[in-house]
>>> print(open('entry27.csv').read())   # CSV, C-alpha atoms and all ligand atoms
chain,number,residue,atom,x,y,z
J,1,MET,CA,-103.1,64.9,-11.1
J,2,ARG,CA,-103.2,61.2,-11.3
J,3,TYR,CA,-102.9,59.8,-14.8
J,4,ILE,CA,-105.6,57.2,-15.7
J,5,PRO,CA,-104.8,55.0,-18.8
J,6,ASN,CA,-107.5,53.8,-21.2
J,7,LYS,CA,-106.9,50.2,-20.2
J,8,LYS,CA,-104.8,48.6,-17.5
J,9,SER,CA,-101.6,46.9,-18.5
J,10,ILE,CA,-100.7,43.5,-17.1
J,11,PHE,CA,-97.2,44.8,-16.4
J,12,GLY,CA,-98.4,46.9,-13.5
J,13,GLU,CA,-100.2,44.1,-11.6
J,14,THR,CA,-98.8,42.1,-8.7
J,15,LEU,CA,-99.8,38.5,-8.5
J,16,GLU,CA,-102.0,39.1,-5.5
J,17,LEU,CA,-103.9,41.9,-7.2
J,18,PHE,CA,-104.3,40.0,-10.4
J,19,GLU,CA,-105.5,36.9,-8.6
J,20,GLU,CA,-108.2,39.0,-6.9
J,21,ALA,CA,-109.4,40.3,-10.2
J,22,VAL,CA,-109.4,36.9,-11.8
J,23,ILE,CA,-111.5,35.4,-8.9
J,24,GLU,CA,-113.9,38.3,-9.0
J,25,ALA,CA,-114.4,37.8,-12.7
J,26,GLY,CA,-115.5,34.2,-11.9
J,27,PHE,CA,-112.3,32.3,-13.0
J,28,SER,CA,-110.1,30.0,-11.0
J,29,LYS,CA,-107.3,31.6,-9.1
J,30,TYR,CA,-104.5,29.5,-10.7
J,31,ARG,CA,-105.2,31.2,-14.1
J,32,ALA,CA,-103.5,34.3,-12.8
J,33,LYS,CA,-100.2,32.4,-12.2
J,34,GLN,CA,-100.5,30.9,-15.7
J,35,VAL,CA,-100.7,34.3,-17.2
J,36,PHE,CA,-97.7,35.5,-15.2
J,37,ASP,CA,-95.7,32.5,-16.3
J,38,TRP,CA,-96.4,33.4,-20.0
J,39,VAL,CA,-95.6,37.0,-19.4
J,40,TYR,CA,-92.4,36.7,-17.3
J,41,LYS,CA,-91.1,33.2,-17.8
J,42,LYS,CA,-91.9,32.5,-21.4
J,43,ARG,CA,-92.0,36.2,-22.4
J,44,VAL,CA,-94.7,35.9,-25.0
J,45,LYS,CA,-95.9,39.1,-26.6
J,46,SER,CA,-99.7,38.4,-27.0
J,47,TRP,CA,-102.6,36.8,-25.3
J,48,ASP,CA,-103.0,34.5,-28.3
J,49,ALA,CA,-99.7,32.9,-27.6
J,50,MET,CA,-100.8,31.7,-24.1
J,51,LEU,CA,-101.7,28.3,-25.2
J,52,ASN,CA,-103.1,26.7,-22.1
J,53,LEU,CA,-105.9,29.3,-21.4
J,54,PRO,CA,-109.5,28.7,-22.2
J,55,LYS,CA,-111.3,31.0,-24.7
J,56,ASP,CA,-113.6,32.7,-22.3
J,57,PHE,CA,-110.6,33.6,-20.0
J,58,LYS,CA,-108.7,35.0,-23.0
J,59,ALA,CA,-111.7,37.0,-24.1
J,60,TRP,CA,-111.8,38.5,-20.5
J,61,LEU,CA,-108.1,39.3,-20.7
J,62,LEU,CA,-108.5,40.9,-24.0
J,63,GLU,CA,-111.3,43.1,-22.8
J,64,ASN,CA,-109.7,44.2,-19.6
J,65,TYR,CA,-105.9,44.2,-20.0
J,66,GLU,CA,-103.2,45.3,-22.4
J,67,MET,CA,-99.6,44.2,-22.5
J,68,HIS,CA,-97.5,47.0,-24.0
J,69,VAL,CA,-99.1,50.4,-24.1
J,70,THR,CA,-95.7,51.9,-24.8
J,71,ARG,CA,-93.7,52.1,-28.0
J,72,ILE,CA,-89.9,52.2,-28.4
J,73,ILE,CA,-88.4,55.0,-30.4
J,74,LEU,CA,-84.9,54.4,-31.6
J,75,ASP,CA,-82.1,56.7,-30.8
J,76,LYS,CA,-79.7,57.1,-33.7
J,77,GLN,CA,-76.8,58.0,-31.4
J,78,SER,CA,-76.6,54.6,-29.7
J,79,ASN,CA,-73.3,52.9,-29.8
J,80,ASP,CA,-72.1,49.3,-29.1
J,81,VAL,CA,-72.0,49.8,-25.4
J,82,THR,CA,-74.8,52.2,-24.6
J,83,ASN,CA,-78.2,52.0,-26.3
J,84,LYS,CA,-80.5,54.9,-25.4
J,85,PHE,CA,-84.1,54.7,-26.2
J,86,LEU,CA,-86.9,57.1,-26.2
J,87,VAL,CA,-90.1,55.4,-25.1
J,88,GLN,CA,-93.4,56.9,-26.1
J,89,LEU,CA,-96.3,56.4,-23.6
J,90,GLU,CA,-100.0,56.1,-24.4
J,91,ASP,CA,-100.5,59.8,-23.8
J,92,LYS,CA,-97.6,60.6,-26.2
J,93,SER,CA,-95.3,61.6,-23.4
J,94,LEU,CA,-91.7,60.7,-23.9
J,95,ILE,CA,-89.3,59.1,-21.4
J,96,GLU,CA,-85.9,57.5,-21.6
J,97,THR,CA,-84.6,54.0,-21.1
J,98,VAL,CA,-80.9,53.0,-21.5
J,99,LEU,CA,-79.4,49.6,-22.0
J,100,ILE,CA,-75.7,49.4,-21.2
J,101,ARG,CA,-73.7,46.4,-22.2
J,102,ALA,CA,-70.4,46.9,-20.6
J,103,PRO,CA,-67.8,44.2,-21.5
J,104,GLN,CA,-66.1,42.7,-18.5
J,105,ILE,CA,-62.3,43.2,-18.4
J,106,GLY,CA,-60.7,40.1,-19.9
J,107,VAL,CA,-64.0,38.7,-21.1
J,108,GLY,CA,-65.6,38.9,-24.5
J,109,GLN,CA,-68.7,41.0,-25.3
J,110,LYS,CA,-70.8,37.8,-25.0
J,111,ASP,CA,-70.2,37.8,-21.3
J,112,SER,CA,-70.7,41.5,-20.8
J,113,ARG,CA,-72.7,42.9,-17.9
J,114,LYS,CA,-76.0,44.3,-18.7
J,115,THR,CA,-77.5,47.3,-16.9
J,116,VAL,CA,-80.8,48.9,-17.6
J,117,CYS,CA,-81.5,52.5,-16.5
J,118,VAL,CA,-85.2,53.2,-16.1
J,119,SER,CA,-87.2,56.4,-15.8
J,120,ILE,CA,-89.9,56.8,-13.1
J,121,GLN,CA,-91.5,60.2,-14.0
J,122,VAL,CA,-92.1,62.2,-17.1
J,123,GLY,CA,-89.7,65.1,-16.4
J,124,CYS,CA,-88.8,66.0,-12.8
J,125,ALA,CA,-90.1,68.6,-10.3
J,126,TYR,CA,-86.9,69.0,-8.3
J,127,GLY,CA,-85.2,71.4,-10.7
J,128,CYS,CA,-81.5,70.6,-10.0
J,129,LYS,CA,-79.6,73.3,-11.8
J,130,PHE,CA,-77.3,70.9,-13.7
J,131,CYS,CA,-79.8,68.4,-14.9
J,132,ALA,CA,-81.7,68.1,-18.2
J,133,SER,CA,-84.7,66.4,-16.5
J,134,GLY,CA,-85.0,69.3,-14.1
J,135,LEU,CA,-84.8,71.7,-17.0
J,136,LEU,CA,-87.8,70.0,-18.7
J,137,GLY,CA,-90.1,70.4,-15.7
J,138,PHE,CA,-92.5,67.8,-14.3
J,139,LYS,CA,-95.3,66.3,-16.3
J,140,ARG,CA,-96.6,63.3,-14.4
J,141,ASN,CA,-95.7,60.2,-12.4
J,142,LEU,CA,-95.3,57.0,-14.4
J,143,LEU,CA,-97.5,54.0,-13.6
J,144,ALA,CA,-95.9,50.8,-12.4
J,145,SER,CA,-96.8,49.2,-15.7
J,146,GLU,CA,-94.9,52.0,-17.6
J,147,VAL,CA,-91.7,51.3,-15.6
J,148,VAL,CA,-92.0,47.5,-15.9
J,149,ALA,CA,-92.7,47.9,-19.7
J,150,GLN,CA,-89.3,49.7,-20.1
J,151,LEU,CA,-87.6,46.5,-18.8
J,152,MET,CA,-89.8,44.2,-20.9
J,153,HIS,CA,-88.9,46.3,-24.0
J,154,MET,CA,-85.2,45.9,-23.1
J,155,CYS,CA,-85.6,42.1,-22.7
J,156,GLU,CA,-87.1,42.0,-26.2
J,157,ILE,CA,-84.3,44.1,-27.7
J,158,ASP,CA,-81.6,42.1,-25.9
J,159,GLN,CA,-83.1,38.9,-27.0
J,160,GLU,CA,-83.3,40.1,-30.6
J,161,ALA,CA,-79.6,41.1,-30.4
J,162,SER,CA,-78.6,37.7,-28.8
J,163,THR,CA,-77.1,35.0,-31.1
J,164,ASP,CA,-78.9,32.4,-29.0
J,165,LYS,CA,-82.5,32.8,-30.0
J,166,SER,CA,-83.6,29.9,-27.9
J,167,ASN,CA,-82.7,31.7,-24.8
J,168,ASP,CA,-85.9,33.3,-23.5
J,169,SER,CA,-84.6,33.9,-20.0
J,170,VAL,CA,-82.9,37.2,-20.8
J,171,THR,CA,-82.2,39.0,-17.6
J,172,PHE,CA,-80.1,41.9,-16.4
J,173,ASP,CA,-77.1,42.2,-14.0
J,174,ASN,CA,-78.3,45.5,-12.7
J,175,ILE,CA,-81.3,47.7,-12.8
J,176,VAL,CA,-80.8,51.3,-11.9
J,177,PHE,CA,-83.4,54.0,-11.2
J,178,MET,CA,-81.3,56.7,-12.7
J,179,GLY,CA,-83.3,57.8,-15.7
J,180,MET,CA,-85.8,60.7,-15.6
J,181,GLY,CA,-87.5,61.6,-12.4
J,182,GLU,CA,-87.1,61.3,-8.7
J,183,PRO,CA,-88.0,57.7,-7.6
J,184,LEU,CA,-88.9,58.6,-4.0
J,185,ALA,CA,-91.4,61.2,-5.2
J,186,ASN,CA,-93.3,58.4,-6.9
J,187,PHE,CA,-93.0,56.2,-3.8
J,188,ASP,CA,-96.0,53.8,-4.1
J,189,THR,CA,-95.2,53.1,-7.7
J,190,LEU,CA,-91.5,52.5,-6.9
J,191,VAL,CA,-92.4,50.0,-4.2
J,192,ARG,CA,-94.8,48.2,-6.4
J,193,VAL,CA,-92.2,48.0,-9.3
J,194,LEU,CA,-89.6,46.7,-6.9
J,195,ARG,CA,-91.9,43.9,-5.8
J,196,ILE,CA,-92.7,43.0,-9.5
J,197,LEU,CA,-89.0,43.0,-10.3
J,198,ASN,CA,-88.0,41.0,-7.3
J,199,ALA,CA,-90.8,38.4,-7.0
J,200,PRO,CA,-90.2,34.8,-8.2
J,201,TRP,CA,-93.6,35.2,-10.1
J,202,GLY,CA,-92.3,38.4,-11.7
J,203,MET,CA,-89.0,39.3,-13.2
J,204,ASN,CA,-87.1,37.4,-10.4
J,205,ILE,CA,-84.3,39.9,-10.2
J,206,GLY,CA,-82.4,40.0,-6.9
J,207,ALA,CA,-82.9,43.1,-4.8
J,208,ARG,CA,-79.1,43.4,-4.5
J,209,ARG,CA,-79.0,44.0,-8.3
J,210,ILE,CA,-81.3,47.0,-8.0
J,211,THR,CA,-80.1,50.6,-7.3
J,212,VAL,CA,-82.5,53.4,-6.5
J,213,SER,CA,-80.9,56.9,-6.8
J,214,THR,CA,-82.4,59.8,-5.0
J,215,SER,CA,-81.7,63.5,-4.8
J,216,GLY,CA,-82.3,63.2,-1.0
J,217,LEU,CA,-85.9,63.1,0.1
J,218,ALA,CA,-85.1,62.4,3.7
J,219,PRO,CA,-88.5,61.2,5.1
J,220,GLN,CA,-89.0,58.9,2.1
J,221,ILE,CA,-85.5,57.4,2.5
J,222,GLU,CA,-86.5,56.3,5.9
J,223,LYS,CA,-89.8,55.0,4.6
J,224,LEU,CA,-88.0,53.0,2.0
J,225,GLY,CA,-85.8,51.5,4.7
J,226,ASP,CA,-89.0,50.4,6.5
J,227,GLU,CA,-89.9,48.3,3.4
J,228,GLY,CA,-86.9,46.1,4.3
J,229,MET,CA,-85.8,45.3,0.7
J,230,PRO,CA,-82.1,44.9,0.5
J,231,ILE,CA,-81.7,47.2,-2.5
J,232,ARG,CA,-78.8,49.5,-3.1
J,233,LEU,CA,-79.4,53.2,-2.4
J,234,ALA,CA,-77.5,55.9,-4.1
J,235,ILE,CA,-77.7,59.5,-2.9
J,236,SER,CA,-77.1,62.3,-5.3
J,237,LEU,CA,-75.1,64.5,-3.0
J,238,HIS,CA,-73.2,66.8,-5.4
J,239,GLY,CA,-72.4,69.2,-2.6
J,240,ALA,CA,-70.7,68.4,0.7
J,241,THR,CA,-71.9,71.5,2.5
J,242,ASN,CA,-75.4,73.2,2.6
J,243,GLU,CA,-73.9,76.3,1.0
J,244,VAL,CA,-72.8,74.5,-2.1
J,245,ARG,CA,-75.7,72.0,-2.2
J,246,ASN,CA,-78.2,74.9,-1.9
J,247,GLN,CA,-76.7,76.5,-5.0
J,248,ILE,CA,-77.4,73.6,-7.3
J,249,MET,CA,-80.1,71.4,-5.6
J,250,PRO,CA,-83.2,73.2,-4.5
J,251,ILE,CA,-84.3,70.1,-2.5
J,252,ASN,CA,-81.5,70.9,-0.1
J,253,LYS,CA,-83.5,73.8,1.3
J,254,ARG,CA,-86.3,71.4,2.3
J,255,TYR,CA,-84.0,68.6,3.5
J,256,PRO,CA,-80.6,70.0,4.4
J,257,LEU,CA,-77.6,67.8,5.2
J,258,GLU,CA,-78.6,67.8,8.9
J,259,GLN,CA,-81.7,65.9,7.9
J,260,LEU,CA,-80.4,63.9,4.9
J,261,ILE,CA,-77.4,62.4,6.6
J,262,PRO,CA,-79.3,60.9,9.6
J,263,ALA,CA,-82.0,59.5,7.2
J,264,ALA,CA,-79.3,57.9,5.1
J,265,GLN,CA,-77.7,56.5,8.2
J,266,ALA,CA,-81.0,55.1,9.4
J,267,PHE,CA,-81.5,53.4,6.0
J,268,GLN,CA,-78.0,52.0,6.1
J,269,GLU,CA,-78.5,50.6,9.6
J,270,LYS,CA,-81.9,49.0,8.7
J,271,ILE,CA,-80.8,47.5,5.3
J,272,GLY,CA,-77.2,46.8,6.1
J,273,ARG,CA,-75.9,47.6,2.7
J,274,MET,CA,-73.2,50.1,1.8
J,275,LEU,CA,-74.6,53.4,0.5
J,276,THR,CA,-73.3,55.1,-2.6
J,277,LEU,CA,-72.8,58.9,-2.6
J,278,GLU,CA,-72.9,60.3,-6.2
J,279,PHE,CA,-70.9,63.4,-6.7
J,280,ILE,CA,-70.9,65.1,-10.1
J,281,LEU,CA,-67.8,67.2,-10.5
J,282,ILE,CA,-68.7,70.7,-11.8
J,283,GLU,CA,-65.9,73.2,-12.4
J,284,GLY,CA,-65.9,76.1,-10.0
J,285,ILE,CA,-69.0,74.9,-8.1
J,286,ASN,CA,-68.2,71.8,-6.1
J,287,ASP,CA,-64.7,70.7,-7.1
J,288,SER,CA,-62.7,72.6,-4.5
J,289,LEU,CA,-60.4,70.6,-2.2
J,290,ASP,CA,-62.4,71.8,0.8
J,291,GLN,CA,-65.5,70.1,-0.8
J,292,ALA,CA,-63.4,67.0,-1.2
J,293,ARG,CA,-62.5,67.1,2.5
J,294,ALA,CA,-66.1,67.7,3.6
J,295,LEU,CA,-67.3,64.9,1.3
J,296,ALA,CA,-64.7,62.5,2.8
J,297,LYS,CA,-66.1,63.3,6.3
J,298,ILE,CA,-69.7,62.5,5.3
J,299,ALA,CA,-68.6,59.3,3.4
J,300,ARG,CA,-66.7,58.1,6.5
J,301,LYS,CA,-69.6,58.8,8.8
J,302,LEU,CA,-72.0,56.9,6.5
J,303,HIS,CA,-69.4,54.2,5.6
J,304,ALA,CA,-70.4,55.0,2.0
J,305,HIS,CA,-68.7,54.5,-1.3
J,306,VAL,CA,-68.2,57.7,-3.3
J,307,ASN,CA,-68.8,57.7,-7.1
J,308,CYS,CA,-67.4,60.8,-8.7
J,309,ILE,CA,-68.8,61.7,-12.1
J,310,PRO,CA,-67.3,64.3,-14.3
J,311,TYR,CA,-70.2,66.6,-15.3
J,312,ASN,CA,-71.9,65.7,-18.7
J,313,LYS,CA,-72.5,68.8,-20.7
J,314,VAL,CA,-76.2,69.7,-21.1
J,315,GLU,CA,-77.3,71.9,-24.0
J,316,GLY,CA,-78.6,75.2,-22.7
J,317,LEU,CA,-76.7,75.0,-19.4
J,318,GLU,CA,-73.4,76.8,-18.7
J,319,TRP,CA,-71.8,74.2,-16.4
J,320,LYS,CA,-68.5,72.6,-17.3
J,321,ARG,CA,-66.5,69.5,-16.1
J,322,PRO,CA,-63.2,70.3,-14.3
J,323,SER,CA,-59.8,69.4,-16.0
J,324,ILE,CA,-58.5,65.9,-15.5
J,325,THR,CA,-55.8,67.3,-13.1
J,326,ARG,CA,-58.5,68.9,-11.0
J,327,GLN,CA,-60.6,65.7,-11.0
J,328,ASN,CA,-57.5,63.7,-9.9
J,329,LYS,CA,-56.7,66.1,-7.1
J,330,PHE,CA,-60.2,65.8,-5.8
J,331,VAL,CA,-60.2,62.0,-5.9
J,332,ASP,CA,-56.7,61.9,-4.3
J,333,ILE,CA,-58.0,63.7,-1.2
J,334,LEU,CA,-60.8,61.1,-0.8
J,335,LYS,CA,-58.3,58.3,-1.2
J,336,LYS,CA,-56.0,59.9,1.4
J,337,GLU,CA,-58.9,60.0,3.8
J,338,ARG,CA,-59.3,56.2,3.2
J,339,VAL,CA,-62.7,56.6,1.4
J,340,SER,CA,-63.7,54.0,-1.1
J,341,VAL,CA,-64.0,56.0,-4.3
J,342,THR,CA,-64.4,55.5,-8.0
J,343,ILE,CA,-64.5,58.0,-10.9
J,344,ARG,CA,-66.4,57.3,-14.1
J,345,ARG,CA,-64.4,58.3,-17.1
J,346,GLU,CA,-65.4,56.4,-20.2
J,347,LYS,CA,-67.8,58.6,-22.1
J,348,GLY,CA,-70.2,56.1,-23.6
J,349,HIS,CA,-70.4,54.1,-20.3
J,350,SER,CA,-71.9,57.0,-18.3
J,351,ILE,CA,-75.4,56.1,-17.2
J,352,ASN,CA,-75.9,59.6,-16.0
J,353,ALA,CA,-75.8,60.9,-19.6
J,354,ALA,CA,-79.3,59.4,-19.6
J,355,CYS,CA,-80.9,61.7,-17.1
J,356,GLY,CA,-83.2,63.6,-19.4
J,357,GLN,CA,-80.6,64.6,-21.9
J,358,LEU,CA,-81.9,62.5,-24.8
J,359,LYS,CA,-85.4,63.7,-24.3
J,360,LEU,CA,-84.3,67.3,-24.0
J,361,LYS,CA,-82.2,67.1,-27.1
J,362,THR,CA,-85.1,65.6,-29.0
J,363,GLU,CA,-87.6,68.2,-27.8
J,364,LEU,CA,-85.2,71.0,-28.6
J,365,SER,CA,-84.7,69.7,-32.2
J,366,MET,CA,-88.4,69.1,-32.5
J,367,ALA,CA,-89.1,72.7,-31.4
J,368,ALA,CA,-86.5,73.9,-33.9
J,369,SER,CA,-87.9,71.9,-36.8
J,370,GLU,CA,-91.6,72.0,-35.6
J,371,LYS,CA,-91.9,68.5,-36.8
J,372,SER,CA,-94.2,65.9,-35.1
J,373,PRO,CA,-92.5,64.5,-32.0
J,374,SER,CA,-91.7,61.0,-33.1
J,375,SER,CA,-91.7,60.9,-36.9
J,376,PRO,CA,-88.0,60.8,-37.6
J,377,PHE,CA,-87.4,58.1,-35.0
J,378,ILE,CA,-90.3,55.6,-34.9
J,379,LYS,CA,-89.3,52.1,-35.7
J,380,PRO,CA,-91.4,50.8,-38.6
J,381,GLU,CA,-94.1,48.4,-37.4
Z,1,LIG,N1,-83.7,62.0,-9.4
Z,1,LIG,C1,-82.7,61.0,-9.0
Z,1,LIG,C2,-82.5,59.9,-10.0
Z,1,LIG,C3,-82.2,60.3,-11.5
Z,1,LIG,S1,-80.8,61.2,-11.9
Z,1,LIG,C4,-81.5,61.6,-8.5
Z,1,LIG,O1,-81.3,62.8,-8.7
Z,1,LIG,O2,-80.7,60.9,-7.9
Z,1,LIG,C5,-79.5,60.1,-11.9
Z,1,LIG,C6,-78.1,60.7,-11.7
Z,1,LIG,O3,-77.7,61.5,-12.8
Z,1,LIG,C7,-78.2,61.7,-10.5
Z,1,LIG,O4,-77.1,61.4,-9.6
Z,1,LIG,C8,-78.0,63.0,-11.1
Z,1,LIG,O5,-77.6,64.0,-10.3
Z,1,LIG,C9,-77.1,62.7,-12.3
Z,1,LIG,N2,-77.0,63.8,-13.3
Z,1,LIG,C10,-78.0,64.6,-13.7
Z,1,LIG,N3,-77.5,65.4,-14.7
Z,1,LIG,C11,-76.3,65.1,-14.9
Z,1,LIG,C12,-75.2,65.6,-15.8
Z,1,LIG,N4,-75.5,66.5,-16.6
Z,1,LIG,N5,-74.0,65.0,-15.7
Z,1,LIG,C13,-73.8,64.0,-14.9
Z,1,LIG,N6,-74.7,63.5,-14.0
Z,1,LIG,C14,-75.9,64.0,-14.0
Z,2,LIG,FE1,-84.7,65.5,-10.8
Z,2,LIG,FE2,-82.6,63.9,-10.2
Z,2,LIG,FE3,-82.5,65.6,-12.2
Z,2,LIG,FE4,-82.5,66.5,-9.7
Z,2,LIG,S1,-80.9,65.2,-10.7
Z,2,LIG,S2,-83.7,67.3,-11.5
Z,2,LIG,S3,-83.9,65.1,-8.7
Z,2,LIG,S4,-83.8,63.8,-12.1
>>> encode(input="entry27.csv", output="structure tokens")
Amino acid sequence: MRYIPNKKSIFGETLELFEEAVIEAGFSKYRAKQVFDWVYKKRVKSWDAMLNLPKDFKAWLLENYEMHVTRIILDKQSNDVTNKFLVQLEDKSLIETVLIRAPQIGVGQKDSRKTVCVSIQVGCAYGCKFCASGLLGFKRNLLASEVVAQLMHMCEIDQEASTDKSNDSVTFDNIVFMGMGEPLANFDTLVRVLRILNAPWGMNIGARRITVSTSGLAPQIEKLGDEGMPIRLAISLHGATNEVRNQIMPINKRYPLEQLIPAAQAFQEKIGRMLTLEFILIEGINDSLDQARALAKIARKLHAHVNCIPYNKVEGLEWKRPSITRQNKFVDILKKERVSVTIRREKGHSINAACGQLKLKTELSMAASEKSPSSPFIKPE
């Protein structure tokens, strides 16, 4: 069922749509661009702060639009590198957003790279056997405004943390759609958000800095290719044969490798960017040397980079990560086959720890204590 908010948020509008609404309400078209400049260039947090707008226009804005309809809930377990946040939506649903400040080698924290990992659904319907979001089930799609709001929250937090308070042009090196949910199952929202992130009137973030991760919805991968945006596409493969993939990813029964691989190939040909294949290493499930060989074959066919991720333990699930020796043997086979491969080792740096795990942990502890969802965490206002 489609979720309808009490009031629209400005964060979900494209300039064209907002211009139409402004004209229809009897105001001049250029007022729309003025509002967007305040929101995205000057990053003000209220209509009142928009100094060059006439009173009647501000009254119309106030009546028809909100800015933030979401609230940040702090995570006590954040560390210097990874800050995980629970975000509460207007209907009290919880989602996760992660801000990662990874220092560059040889450079101080000041010059660190900033990545934001956003969610696109509340929960997820695809039920991958290893994933906390899958375990939670699906509640609803996010609105475009709820995705953009996550980034606006992260801008504010990053600006607060910055020593240079005059710098209002906070931006991010990478945006990754690797939080909760399946981006390609909320397709129209995804495309709208990508436009808002990418547009000069919006967040002005280069498409090349944006990664969309998918569990493999083959037809939507091709459809995304038709949009022609040079974003990066990461495919959560996690199994290099149908037999193994079927065991852990129910989506593979709908779109087996014979469909997924050509769809990925078509995307790669249209967009011309190297694909990434994500491969979580799970002990005894997909870490055999035969799987490594089969993975190498797929990666070479797609000219894709492989990102191996040792499995992150999820409470309530029995899966384990393989030993370091086993992980190394797996990666060595890929290297021998001349596949471009990385393995993520640093604990706190793992974006994938975001995928529903924080929310799951919170909901489990809430259920245990039967407390109100947010009371221990909400930031005082
Ligand atoms: N639904 C999309 C995007 C969100 S998940 C997708 O599946 O690609 C982002 C990544 O985290 C995916 O590659 C997912 O498989 C991975 N992931 C999920 N649970 C994980 C876990 N416990 N440990 C490591 N990675 C995990
Ligand atoms: Fe959904 Fe992705 Fe988790 Fe699978 S891995 S359940 S598709 S969020």
>>> residues_around(input="entry27.csv", residues="region 329-338 of chain J", least_positions_apart="5", cutoff="9 Å", atoms="all atoms listed in the file", output="short mmCIF file (atom, residue, chain, number, x, y, z; two decimals) with C-alpha atoms, in the coordinates of the input")
data_model
loop_
_atom_site.label_atom_id
_atom_site.label_comp_id
_atom_site.auth_asym_id
_atom_site.auth_seq_id
_atom_site.Cartn_x
_atom_site.Cartn_y
_atom_site.Cartn_z
CA ASP J 287 -64.70 70.70 -7.10
CA SER J 288 -62.70 72.60 -4.50
CA LEU J 289 -60.40 70.60 -2.20
CA GLN J 291 -65.50 70.10 -0.80
CA ALA J 292 -63.40 67.00 -1.20
CA ARG J 293 -62.50 67.10 2.50
CA LEU J 295 -67.30 64.90 1.30
CA ALA J 296 -64.70 62.50 2.80
CA LYS J 297 -66.10 63.30 6.30
CA ARG J 300 -66.70 58.10 6.50
CA VAL J 306 -68.20 57.70 -3.30
CA CYS J 308 -67.40 60.80 -8.70
CA ILE J 324 -58.50 65.90 -15.50
CA ILE J 343 -64.50 58.00 -10.90
#
>>> residues_around(input="entry27.csv", residues="Ile4 (chain J)", least_positions_apart="6", cutoff="12 Å", atoms="only C-alpha atoms", output="number ranges by chain")
J: 90-91, 140-143, 145
>>> write_last_selection(input="entry27.csv", atoms="C-alpha atoms", output="mmCIF file, in the frame of the given file")
data_model
loop_
_atom_site.group_PDB
_atom_site.id
_atom_site.type_symbol
_atom_site.label_atom_id
_atom_site.label_comp_id
_atom_site.auth_asym_id
_atom_site.auth_seq_id
_atom_site.Cartn_x
_atom_site.Cartn_y
_atom_site.Cartn_z
ATOM 1 C CA GLU J 90 -100.000 56.100 -24.400
ATOM 2 C CA ASP J 91 -100.500 59.800 -23.800
ATOM 3 C CA ARG J 140 -96.600 63.300 -14.400
ATOM 4 C CA ASN J 141 -95.700 60.200 -12.400
ATOM 5 C CA LEU J 142 -95.300 57.000 -14.400
ATOM 6 C CA LEU J 143 -97.500 54.000 -13.600
ATOM 7 C CA SER J 145 -96.800 49.200 -15.700
#
>>> closest_residue(input="entry27.csv", among="J:Phe138, J:Phe172, J:Tyr126, J:Phe267", to="ligand LIG 2 (chain Z)", atoms="all atoms listed in the file")
J:Tyr126
>>> atom_distance(input="entry27.csv", atom1="CA of Ser340 (chain J)", atom2="CA of Met274 (chain J)")
10.7 Å
>>> residues_around(input="entry27.csv", residues="Leu281 (chain J)", least_positions_apart="3", cutoff="9 Å", atoms="only C-alpha atoms", output="list of chain:residue names")
J:His238, J:Ile285, J:Asn286, J:Asp287, J:Cys308, J:Ile309, J:Pro310, J:Tyr311, J:Lys320, J:Arg321, J:Pro322, J:Gln327
>>> closest_residue(input="entry27.csv", among="J:Glu66, J:Glu269, J:Glu16, J:Glu182", to="ligand LIG 2 (chain Z)", atoms="only C-alpha atoms and all ligand atoms")
J:Glu182
>>> atom_distance(input="entry27.csv", atom1="atom N3 of ligand LIG 1 (chain Z)", atom2="CA of Gly206 (chain J)")
27.0 Å
>>> decode(input="entry27.csv", residues="region 128-136 of chain J", atoms="N, CA and C atoms", output="short mmCIF file (atom, residue, chain, number, x, y, z; two decimals), in the first residue's frame")
data_model
loop_
_atom_site.label_atom_id
_atom_site.label_comp_id
_atom_site.auth_asym_id
_atom_site.auth_seq_id
_atom_site.Cartn_x
_atom_site.Cartn_y
_atom_site.Cartn_z
N CYS J 128 16.66 -12.42 2.13
CA CYS J 128 17.93 -13.14 2.03
C CYS J 128 18.22 -13.74 3.41
N LYS J 129 18.71 -14.97 3.40
CA LYS J 129 18.78 -15.74 4.65
C LYS J 129 19.81 -15.21 5.65
N PHE J 130 20.75 -14.38 5.17
CA PHE J 130 21.85 -13.93 6.03
C PHE J 130 21.65 -12.51 6.53
N CYS J 131 20.54 -11.88 6.13
CA CYS J 131 20.46 -10.41 6.26
C CYS J 131 19.44 -10.00 7.33
N ALA J 132 19.83 -9.02 8.14
CA ALA J 132 18.96 -8.54 9.22
C ALA J 132 17.72 -7.84 8.65
N SER J 133 17.88 -7.12 7.53
CA SER J 133 16.72 -6.44 6.94
C SER J 133 15.69 -7.45 6.45
N GLY J 134 16.20 -8.55 5.89
CA GLY J 134 15.32 -9.61 5.41
C GLY J 134 14.55 -10.23 6.57
N LEU J 135 15.24 -10.37 7.68
CA LEU J 135 14.65 -10.97 8.88
C LEU J 135 13.50 -10.12 9.42
N LEU J 136 13.62 -8.81 9.22
CA LEU J 136 12.62 -7.89 9.75
C LEU J 136 11.33 -7.89 8.93
#
